[in-house]
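Listing of run14.csv, CSV, C-alpha atoms
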```
chain,number,residue,atom,x,y,z
A,1,MET,CA,151.7,64.3,113.7
A,2,ASN,CA,150.6,63.9,117.3
A,3,SER,CA,147.4,65.1,118.7
A,4,GLY,CA,148.9,68.2,120.2
A,5,GLN,CA,150.4,69.3,116.9
A,6,TYR,CA,147.2,68.6,115.1
A,7,ALA,CA,145.2,70.8,117.5
A,8,VAL,CA,147.6,73.7,117.0
A,9,THR,CA,147.5,73.4,113.2
A,10,PHE,CA,143.7,73.3,113.2
A,11,LEU,CA,143.5,76.4,115.4
A,12,LEU,CA,145.9,78.2,113.2
A,13,ILE,CA,144.1,77.4,110.0
A,14,PHE,CA,140.7,78.2,111.6
A,15,SER,CA,142.1,81.6,112.8
A,16,ILE,CA,143.4,82.5,109.4
A,17,THR,CA,140.2,81.5,107.6
A,18,ASN,CA,138.0,83.2,110.1
A,19,ALA,CA,140.0,86.5,109.9
A,20,SER,CA,139.9,86.4,106.1
A,21,SER,CA,136.1,85.8,106.1
A,22,SER,CA,135.4,88.5,108.6
A,23,GLU,CA,137.0,91.1,106.4
A,24,ARG,CA,134.2,90.5,103.9
A,25,LEU,CA,131.5,91.2,106.5
A,26,ILE,CA,130.4,94.7,107.5
A,27,ARG,CA,131.7,95.7,110.9
A,28,LEU,CA,129.1,97.5,112.9
A,29,PRO,CA,130.3,100.2,115.3
A,30,ARG,CA,130.7,99.2,118.9
A,31,GLY,CA,127.3,99.4,120.6
A,32,TYR,CA,125.3,98.3,117.5
A,33,HIS,CA,125.6,94.5,118.3
A,34,ARG,CA,122.1,93.5,119.3
A,35,SER,CA,120.8,90.4,121.0
A,36,PRO,CA,118.8,88.0,118.8
A,37,ALA,CA,115.6,89.2,120.5
A,38,TYR,CA,116.1,92.7,119.0
A,39,TYR,CA,115.7,91.3,115.5
A,40,SER,CA,112.6,89.3,116.4
A,41,ASP,CA,109.4,89.9,114.3
A,42,THR,CA,107.8,92.0,117.1
A,43,HIS,CA,110.7,94.4,117.4
A,44,ARG,CA,111.5,94.5,113.6
A,45,LYS,CA,107.9,95.5,112.7
A,46,THR,CA,107.2,98.2,115.2
A,47,ASN,CA,105.2,100.9,113.6
A,48,ASP,CA,107.8,103.7,113.7
A,49,LEU,CA,110.5,101.4,112.2
A,50,TYR,CA,108.2,99.9,109.6
A,51,CYS,CA,106.6,103.2,108.5
A,52,GLU,CA,110.0,105.0,108.3
A,53,SER,CA,111.1,102.2,106.0
A,54,TRP,CA,107.8,102.4,104.0
A,55,LYS,CA,108.3,106.2,103.6
A,56,PHE,CA,111.8,105.6,102.3
A,57,SER,CA,110.6,103.1,99.8
A,58,ILE,CA,108.0,105.4,98.3
A,59,GLU,CA,110.3,108.5,98.3
A,60,ALA,CA,113.0,106.5,96.5
A,61,ASN,CA,110.4,105.2,94.1
A,62,ASP,CA,111.2,101.6,95.0
A,63,ALA,CA,107.6,100.9,95.9
A,64,GLY,CA,106.4,101.8,92.4
A,65,VAL,CA,102.7,102.5,92.1
A,66,TRP,CA,100.9,102.7,95.5
A,67,TYR,CA,97.4,103.9,96.3
A,68,LEU,CA,96.9,104.6,100.0
A,69,VAL,CA,98.9,105.2,103.1
A,70,PRO,CA,98.8,102.0,105.1
A,71,GLU,CA,96.4,102.1,108.1
A,72,ARG,CA,99.3,101.4,110.5
A,73,CYS,CA,101.2,104.4,109.2
A,74,VAL,CA,98.5,107.1,109.3
A,75,GLN,CA,99.7,108.3,112.7
A,76,PHE,CA,103.3,108.3,111.5
A,77,VAL,CA,102.4,110.3,108.4
A,78,LYS,CA,100.4,112.7,110.5
A,79,GLU,CA,103.3,113.3,112.9
A,80,TYR,CA,105.7,113.6,110.0
A,81,MET,CA,103.7,116.1,108.0
A,82,ASN,CA,103.0,118.3,111.1
A,83,GLY,CA,106.4,118.0,112.6
A,84,ASP,CA,109.9,119.4,112.2
A,85,ARG,CA,111.2,116.6,110.0
A,86,TYR,CA,108.9,117.4,107.0
A,87,TRP,CA,110.0,121.1,107.1
A,88,SER,CA,113.6,120.1,107.5
A,89,ASP,CA,113.5,117.7,104.6
A,90,SER,CA,111.9,120.4,102.4
A,91,GLU,CA,114.4,123.0,103.5
A,92,VAL,CA,117.4,120.7,102.6
A,93,VAL,CA,115.9,120.1,99.1
A,94,GLY,CA,115.3,123.8,98.7
A,95,GLU,CA,118.8,124.8,99.9
A,96,THR,CA,120.4,122.2,97.6
A,97,ALA,CA,118.4,123.6,94.7
A,98,VAL,CA,119.6,127.2,95.5
A,99,GLU,CA,123.2,126.0,95.6
A,100,TYR,CA,122.8,124.4,92.2
A,101,ALA,CA,121.0,127.4,90.7
A,102,LYS,CA,123.9,129.7,91.8
A,103,THR,CA,126.3,127.6,89.7
A,104,VAL,CA,124.2,128.0,86.5
A,105,ASN,CA,125.5,130.6,84.1
A,106,VAL,CA,122.3,132.5,83.5
A,107,SER,CA,122.9,134.0,80.1
A,108,GLY,CA,120.6,137.0,80.3
A,109,ASP,CA,118.8,136.2,77.1
A,110,GLY,CA,115.7,135.2,79.1
A,111,LEU,CA,115.8,131.6,78.1
A,112,ASP,CA,117.1,129.9,81.3
A,113,ALA,CA,114.0,128.3,82.7
A,114,TRP,CA,113.0,126.6,85.9
A,115,VAL,CA,109.8,124.4,86.1
A,116,PHE,CA,107.7,124.1,89.3
A,117,ASP,CA,104.9,121.7,90.1
A,118,ILE,CA,102.3,123.4,92.3
A,119,ASP,CA,100.5,121.0,94.8
A,120,GLU,CA,102.8,119.9,97.6
A,121,THR,CA,105.6,121.7,95.8
A,122,LEU,CA,104.8,125.5,95.9
A,123,VAL,CA,101.7,125.2,98.1
A,124,SER,CA,100.6,122.7,100.7
A,125,ASN,CA,97.2,120.9,100.7
A,126,LEU,CA,97.8,119.6,104.2
A,127,PRO,CA,94.7,121.4,105.5
A,128,TYR,CA,92.7,119.3,103.1
A,129,TYR,CA,94.4,116.0,104.1
A,130,VAL,CA,94.0,116.7,107.8
A,131,ASP,CA,90.3,116.2,107.2
A,132,HIS,CA,90.7,113.3,104.8
A,133,GLY,CA,92.8,110.7,106.6
A,134,TYR,CA,96.3,111.9,105.7
A,135,GLY,CA,96.2,109.9,102.4
A,136,SER,CA,94.6,106.8,103.9
A,137,GLN,CA,91.2,107.5,102.2
A,138,VAL,CA,90.4,106.9,98.6
A,139,PHE,CA,90.8,110.1,96.7
A,140,ASN,CA,87.6,112.0,96.2
A,141,GLU,CA,88.0,114.3,93.2
A,142,GLN,CA,84.9,116.4,93.9
A,143,SER,CA,85.9,117.2,97.5
A,144,PHE,CA,89.4,118.1,96.4
A,145,ASP,CA,88.1,120.3,93.6
A,146,ASP,CA,86.0,122.1,96.3
A,147,TRP,CA,89.1,122.7,98.3
A,148,VAL,CA,91.0,124.0,95.2
A,149,ASP,CA,88.1,126.5,94.7
A,150,LEU,CA,88.8,128.0,98.1
A,151,ALA,CA,92.2,129.0,96.9
A,152,GLU,CA,93.6,128.8,100.5
A,153,ALA,CA,96.5,126.4,100.2
A,154,PRO,CA,99.4,128.0,102.0
A,155,ALA,CA,102.9,128.4,100.5
A,156,LEU,CA,105.6,125.9,101.5
A,157,PRO,CA,108.3,128.2,103.0
A,158,ALA,CA,111.3,126.3,101.5
A,159,SER,CA,109.9,126.4,98.0
A,160,TYR,CA,108.9,130.1,98.4
A,161,LYS,CA,112.4,130.9,99.3
A,162,LEU,CA,113.8,129.0,96.3
A,163,TYR,CA,111.2,130.6,94.0
A,164,THR,CA,112.3,134.1,95.2
A,165,GLU,CA,116.0,133.3,94.8
A,166,LEU,CA,115.5,132.0,91.3
A,167,LEU,CA,113.7,135.2,90.2
A,168,GLN,CA,116.6,137.2,91.7
A,169,LEU,CA,119.1,135.1,89.8
A,170,GLY,CA,117.3,135.8,86.5
A,171,PHE,CA,115.6,132.5,85.8
A,172,LYS,CA,112.2,132.4,84.0
A,173,ILE,CA,109.8,130.4,86.0
A,174,PHE,CA,107.1,128.2,84.5
A,175,LEU,CA,104.4,126.4,86.6
A,176,LEU,CA,103.3,123.0,85.4
A,177,THR,CA,100.4,121.5,87.3
A,178,GLY,CA,98.2,118.5,86.9
A,179,ARG,CA,95.2,120.6,87.7
A,180,SER,CA,92.6,121.1,85.0
A,181,GLU,CA,92.0,124.2,82.8
A,182,PHE,CA,88.7,124.9,84.5
A,183,GLN,CA,90.7,125.5,87.7
A,184,ARG,CA,92.9,128.3,86.2
A,185,GLU,CA,91.1,131.1,88.0
A,186,ALA,CA,91.1,129.5,91.4
A,187,THR,CA,94.8,128.4,90.9
A,188,ASN,CA,95.8,131.9,90.0
A,189,ARG,CA,94.0,133.3,93.1
A,190,ASN,CA,95.7,130.7,95.3
A,191,LEU,CA,99.1,131.6,93.8
A,192,GLN,CA,98.5,135.2,94.5
A,193,TYR,CA,97.3,134.4,98.0
A,194,ALA,CA,100.5,132.4,98.7
A,195,GLY,CA,102.8,135.1,97.3
A,196,TYR,CA,103.8,133.6,93.9
A,197,THR,CA,104.0,136.2,91.2
A,198,ASN,CA,106.1,137.1,88.1
A,199,PHE,CA,106.0,133.6,86.6
A,200,GLU,CA,106.1,133.3,82.8
A,201,LYS,CA,103.3,130.9,82.3
A,202,LEU,CA,100.9,128.5,84.1
A,203,PHE,CA,100.3,125.2,82.3
A,204,LEU,CA,97.1,123.3,83.2
A,205,ARG,CA,95.6,120.1,81.6
A,206,GLY,CA,93.5,120.9,78.6
A,207,ASP,CA,91.0,118.7,76.8
A,208,SER,CA,93.9,117.1,74.7
A,209,ASP,CA,95.7,116.1,77.9
A,210,ILE,CA,92.8,114.1,79.4
A,211,GLY,CA,93.8,110.5,79.9
A,212,LYS,CA,97.6,111.1,79.8
A,213,THR,CA,99.7,110.1,82.7
A,214,ALA,CA,101.4,112.9,84.5
A,215,THR,CA,104.8,111.8,83.2
A,216,VAL,CA,103.7,112.0,79.6
A,217,TYR,CA,101.7,115.2,80.0
A,218,LYS,CA,104.4,117.1,81.8
A,219,SER,CA,107.1,115.8,79.5
A,220,GLU,CA,105.2,117.2,76.5
A,221,LYS,CA,104.9,120.6,78.2
A,222,ARG,CA,108.6,120.7,78.9
A,223,GLN,CA,109.2,119.8,75.3
A,224,GLU,CA,107.2,122.8,74.3
A,225,LEU,CA,109.5,125.0,76.3
A,226,VAL,CA,112.6,123.3,74.7
A,227,ASP,CA,111.1,123.8,71.2
A,228,ALA,CA,110.5,127.4,72.0
A,229,GLY,CA,114.2,127.8,72.7
A,230,TYR,CA,114.2,127.6,76.5
A,231,ARG,CA,117.0,125.8,78.4
A,232,VAL,CA,115.2,123.9,81.3
A,233,ARG,CA,117.9,124.3,83.9
A,234,GLY,CA,115.9,123.0,86.9
A,235,SER,CA,112.7,121.4,87.9
A,236,SER,CA,111.0,120.9,91.3
A,237,GLY,CA,108.2,118.6,92.2
A,238,ASP,CA,106.9,116.3,94.9
A,239,GLN,CA,106.2,113.4,92.4
A,240,TRP,CA,108.6,111.5,90.3
A,241,SER,CA,106.1,112.0,87.5
A,242,ASP,CA,106.9,115.7,87.8
A,243,LEU,CA,110.5,115.0,86.9
A,244,PHE,CA,110.7,111.8,84.8
A,245,GLY,CA,110.0,111.3,81.2
A,246,PHE,CA,111.6,113.2,78.3
A,247,ALA,CA,112.8,116.9,77.9
A,248,ARG,CA,114.0,116.6,81.5
A,249,ALA,CA,115.6,119.5,83.3
A,250,ASP,CA,119.4,119.6,83.7
A,251,ARG,CA,118.8,119.0,87.4
A,252,SER,CA,115.6,117.8,89.2
A,253,PHE,CA,114.7,118.2,92.8
A,254,LYS,CA,112.2,115.9,94.5
A,255,LEU,CA,110.3,117.2,97.5
A,256,PRO,CA,108.9,114.8,100.1
A,257,ASN,CA,105.3,113.6,99.9
A,258,PRO,CA,104.0,110.5,101.7
A,259,LEU,CA,100.4,111.5,101.2
A,260,TYR,CA,99.7,110.3,97.6
A,261,TYR,CA,101.3,109.0,94.4
A,262,ILE,CA,100.6,110.2,90.9
A,263,PRO,CA,101.9,108.1,87.9
```

What does this structure look like when you write it as structure tokens?
Amino acid sequence: MNSGQYAVTFLLIFSITNASSSERLIRLPRGYHRSPAYYSDTHRKTNDLYCESWKFSIEANDAGVWYLVPERCVQFVKEYMNGDRYWSDSEVVGETAVEYAKTVNVSGDGLDAWVFDIDETLVSNLPYYVDHGYGSQVFNEQSFDDWVDLAEAPALPASYKLYTELLQLGFKIFLLTGRSEFQREATNRNLQYAGYTNFEKLFLRGDSDIGKTATVYKSEKRQELVDAGYRVRGSSGDQWSDLFGFARADRSFKLPNPLYYIP
């Protein structure tokens, strides 16, 4: 084989191999090819990009246990919680829940149940977190209890709409919160203030629930409903611990919350 034939053969083999290999690689749409500088450390770790990815990791529960909003993401969380994106994210979750609820064959025997968490699910504590670093400060139980006593947490519009629709569809609604029994009166006042009425029962932590994780405590309360004959058709909460565990609902709906994590 002369040199000319060798070169042609090499190019042909290279072309076939290269074409075969390229099919195994993701093909980005035209316009998404970036220069190497784009992927440099400086660009890759800009606050908006990093914090959006951080928020994704906590909402997907990939981050596991976390304690504080990173200092570099405080402004990001502030803008998210006060901006259109938070309301839009909540609305999409609420609308998806409504669509599902309409597919449930509510039997009419009063045993089709929906369980709601309260904080950052039915009502928003954003006015409190505005003054406490948007989740970047160590949680102060006493100051939060003082805020709860005011009973002024406003309703989350998307959840209020879902709540109203569920009542109209014939679901029995149960409220399951991590708040303590001594906060029952303030919690009831806040629910009335926010427009939440006609629920079947409000569960709060009693003495026997002290020391339990939210996952265990809330699972046990859902089990009580199941044991009483209820069919827990749906559940809404801002924490995975509102939804995980045993005696789970048929469908669960996770609302956004980049402010804090409860195991």

Mind running stretch 37-118 of chain A against stretch 257-262 of chain A at 8 Å and telling me each contacting residue's nearest atom pair with the distance in Å (one decimal), counting all atoms listed in the file, chain and number ascending, as CSV?
```
residue,atom,partner,partner_atom,distance
A:Lys55,CA,A:Pro258,CA,6.4
A:Ile58,CA,A:Pro258,CA,7.3
A:Glu59,CA,A:Asn257,CA,7.3
A:Val65,CA,A:Tyr261,CA,7.0
A:Trp66,CA,A:Tyr261,CA,6.4
A:Tyr67,CA,A:Tyr261,CA,6.7
A:Leu68,CA,A:Tyr260,CA,6.8
A:Val69,CA,A:Leu259,CA,6.7
A:Val77,CA,A:Pro258,CA,6.9
```

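Between atom CA of A:Trp87 and atom CA of A:Gly170 the interatomic distance comes to 26.3 Å.
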
Requested in this report: Would you mind listing what lies within 9 Å of stretch 150-156 of chain A as an MDAnalysis selection string, with all atoms listed in the file counted and same-chain residues fewer than 2 positions away left out?
Outcome: chainID A and resid 87 90 119:128 145:148 158:161 186:191 193:196

Query raised in the report: For the atom pair atom CA of A:Leu176 and atom CA of A:Val74, what is the interatomic distance in Å to one decimal place?
Result: 29.1 Å

Each residue of stretch 68-167 of chain A lying at most 12 Å from stretch 203-223 of chain A should get a row with its shortest atom-to-atom pair and the distance in Å to one decimal, counting only C-alpha atoms; could you produce that, ordered by chain and increasing number, as JSON lines?
```
{"residue": "A:Ala113", "atom": "CA", "partner": "A:Arg222", "partner_atom": "CA", "distance": 10.1}
{"residue": "A:Trp114", "atom": "CA", "partner": "A:Arg222", "partner_atom": "CA", "distance": 10.2}
{"residue": "A:Val115", "atom": "CA", "partner": "A:Arg222", "partner_atom": "CA", "distance": 8.2}
{"residue": "A:Phe116", "atom": "CA", "partner": "A:Phe203", "partner_atom": "CA", "distance": 10.2}
{"residue": "A:Asp117", "atom": "CA", "partner": "A:Lys218", "partner_atom": "CA", "distance": 9.5}
{"residue": "A:Ile118", "atom": "CA", "partner": "A:Phe203", "partner_atom": "CA", "distance": 10.4}
```

**Report entry** Close residues, A:Ser252 itself excluded, 6 Å, all atoms listed in the file, min 2 positions apart in chain, as JSON, numbers by chain
**Finding:** {"A": [234, 235, 236]}

Based on the selection just made, write C-alpha atoms of those residues as a compact mmCIF listing (two decimals), in the frame of the given file.
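Once everything was written out, this is selection.txt:
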```
# COMPACT_ATOMS: atom_id res chain seq x y z
CA GLY A 234 115.90 123.00 86.90
CA SER A 235 112.70 121.40 87.90
CA SER A 236 111.00 120.90 91.30
```

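Put simply, atom CA of A:Ala101 is 22.2 Å away from atom CA of A:Asp227.
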
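Candidate residues A:Ala249, A:Ser136, A:Ser57, A:Thr46 were compared for distance to A:Arg233, and the nearest is A:Ala249, using all atoms listed in the file.
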
Expected residue set, 12 Å radius at (118.6, 134.1, 81.2), all atoms listed in the file, as a JSON list (two decimals) with C-alpha atoms, in the frame of the given file:
```json
[["chain", "number", "residue", "atom", "x", "y", "z"],
["A", 101, "ALA", "CA", 121.00, 127.40, 90.70],
["A", 104, "VAL", "CA", 124.20, 128.00, 86.50],
["A", 105, "ASN", "CA", 125.50, 130.60, 84.10],
["A", 106, "VAL", "CA", 122.30, 132.50, 83.50],
["A", 107, "SER", "CA", 122.90, 134.00, 80.10],
["A", 108, "GLY", "CA", 120.60, 137.00, 80.30],
["A", 109, "ASP", "CA", 118.80, 136.20, 77.10],
["A", 110, "GLY", "CA", 115.70, 135.20, 79.10],
["A", 111, "LEU", "CA", 115.80, 131.60, 78.10],
["A", 112, "ASP", "CA", 117.10, 129.90, 81.30],
["A", 113, "ALA", "CA", 114.00, 128.30, 82.70],
["A", 114, "TRP", "CA", 113.00, 126.60, 85.90],
["A", 166, "LEU", "CA", 115.50, 132.00, 91.30],
["A", 167, "LEU", "CA", 113.70, 135.20, 90.20],
["A", 168, "GLN", "CA", 116.60, 137.20, 91.70],
["A", 169, "LEU", "CA", 119.10, 135.10, 89.80],
["A", 170, "GLY", "CA", 117.30, 135.80, 86.50],
["A", 171, "PHE", "CA", 115.60, 132.50, 85.80],
["A", 172, "LYS", "CA", 112.20, 132.40, 84.00],
["A", 173, "ILE", "CA", 109.80, 130.40, 86.00],
["A", 229, "GLY", "CA", 114.20, 127.80, 72.70],
["A", 230, "TYR", "CA", 114.20, 127.60, 76.50],
["A", 231, "ARG", "CA", 117.00, 125.80, 78.40],
["A", 232, "VAL", "CA", 115.20, 123.90, 81.30],
["A", 233, "ARG", "CA", 117.90, 124.30, 83.90]]
```
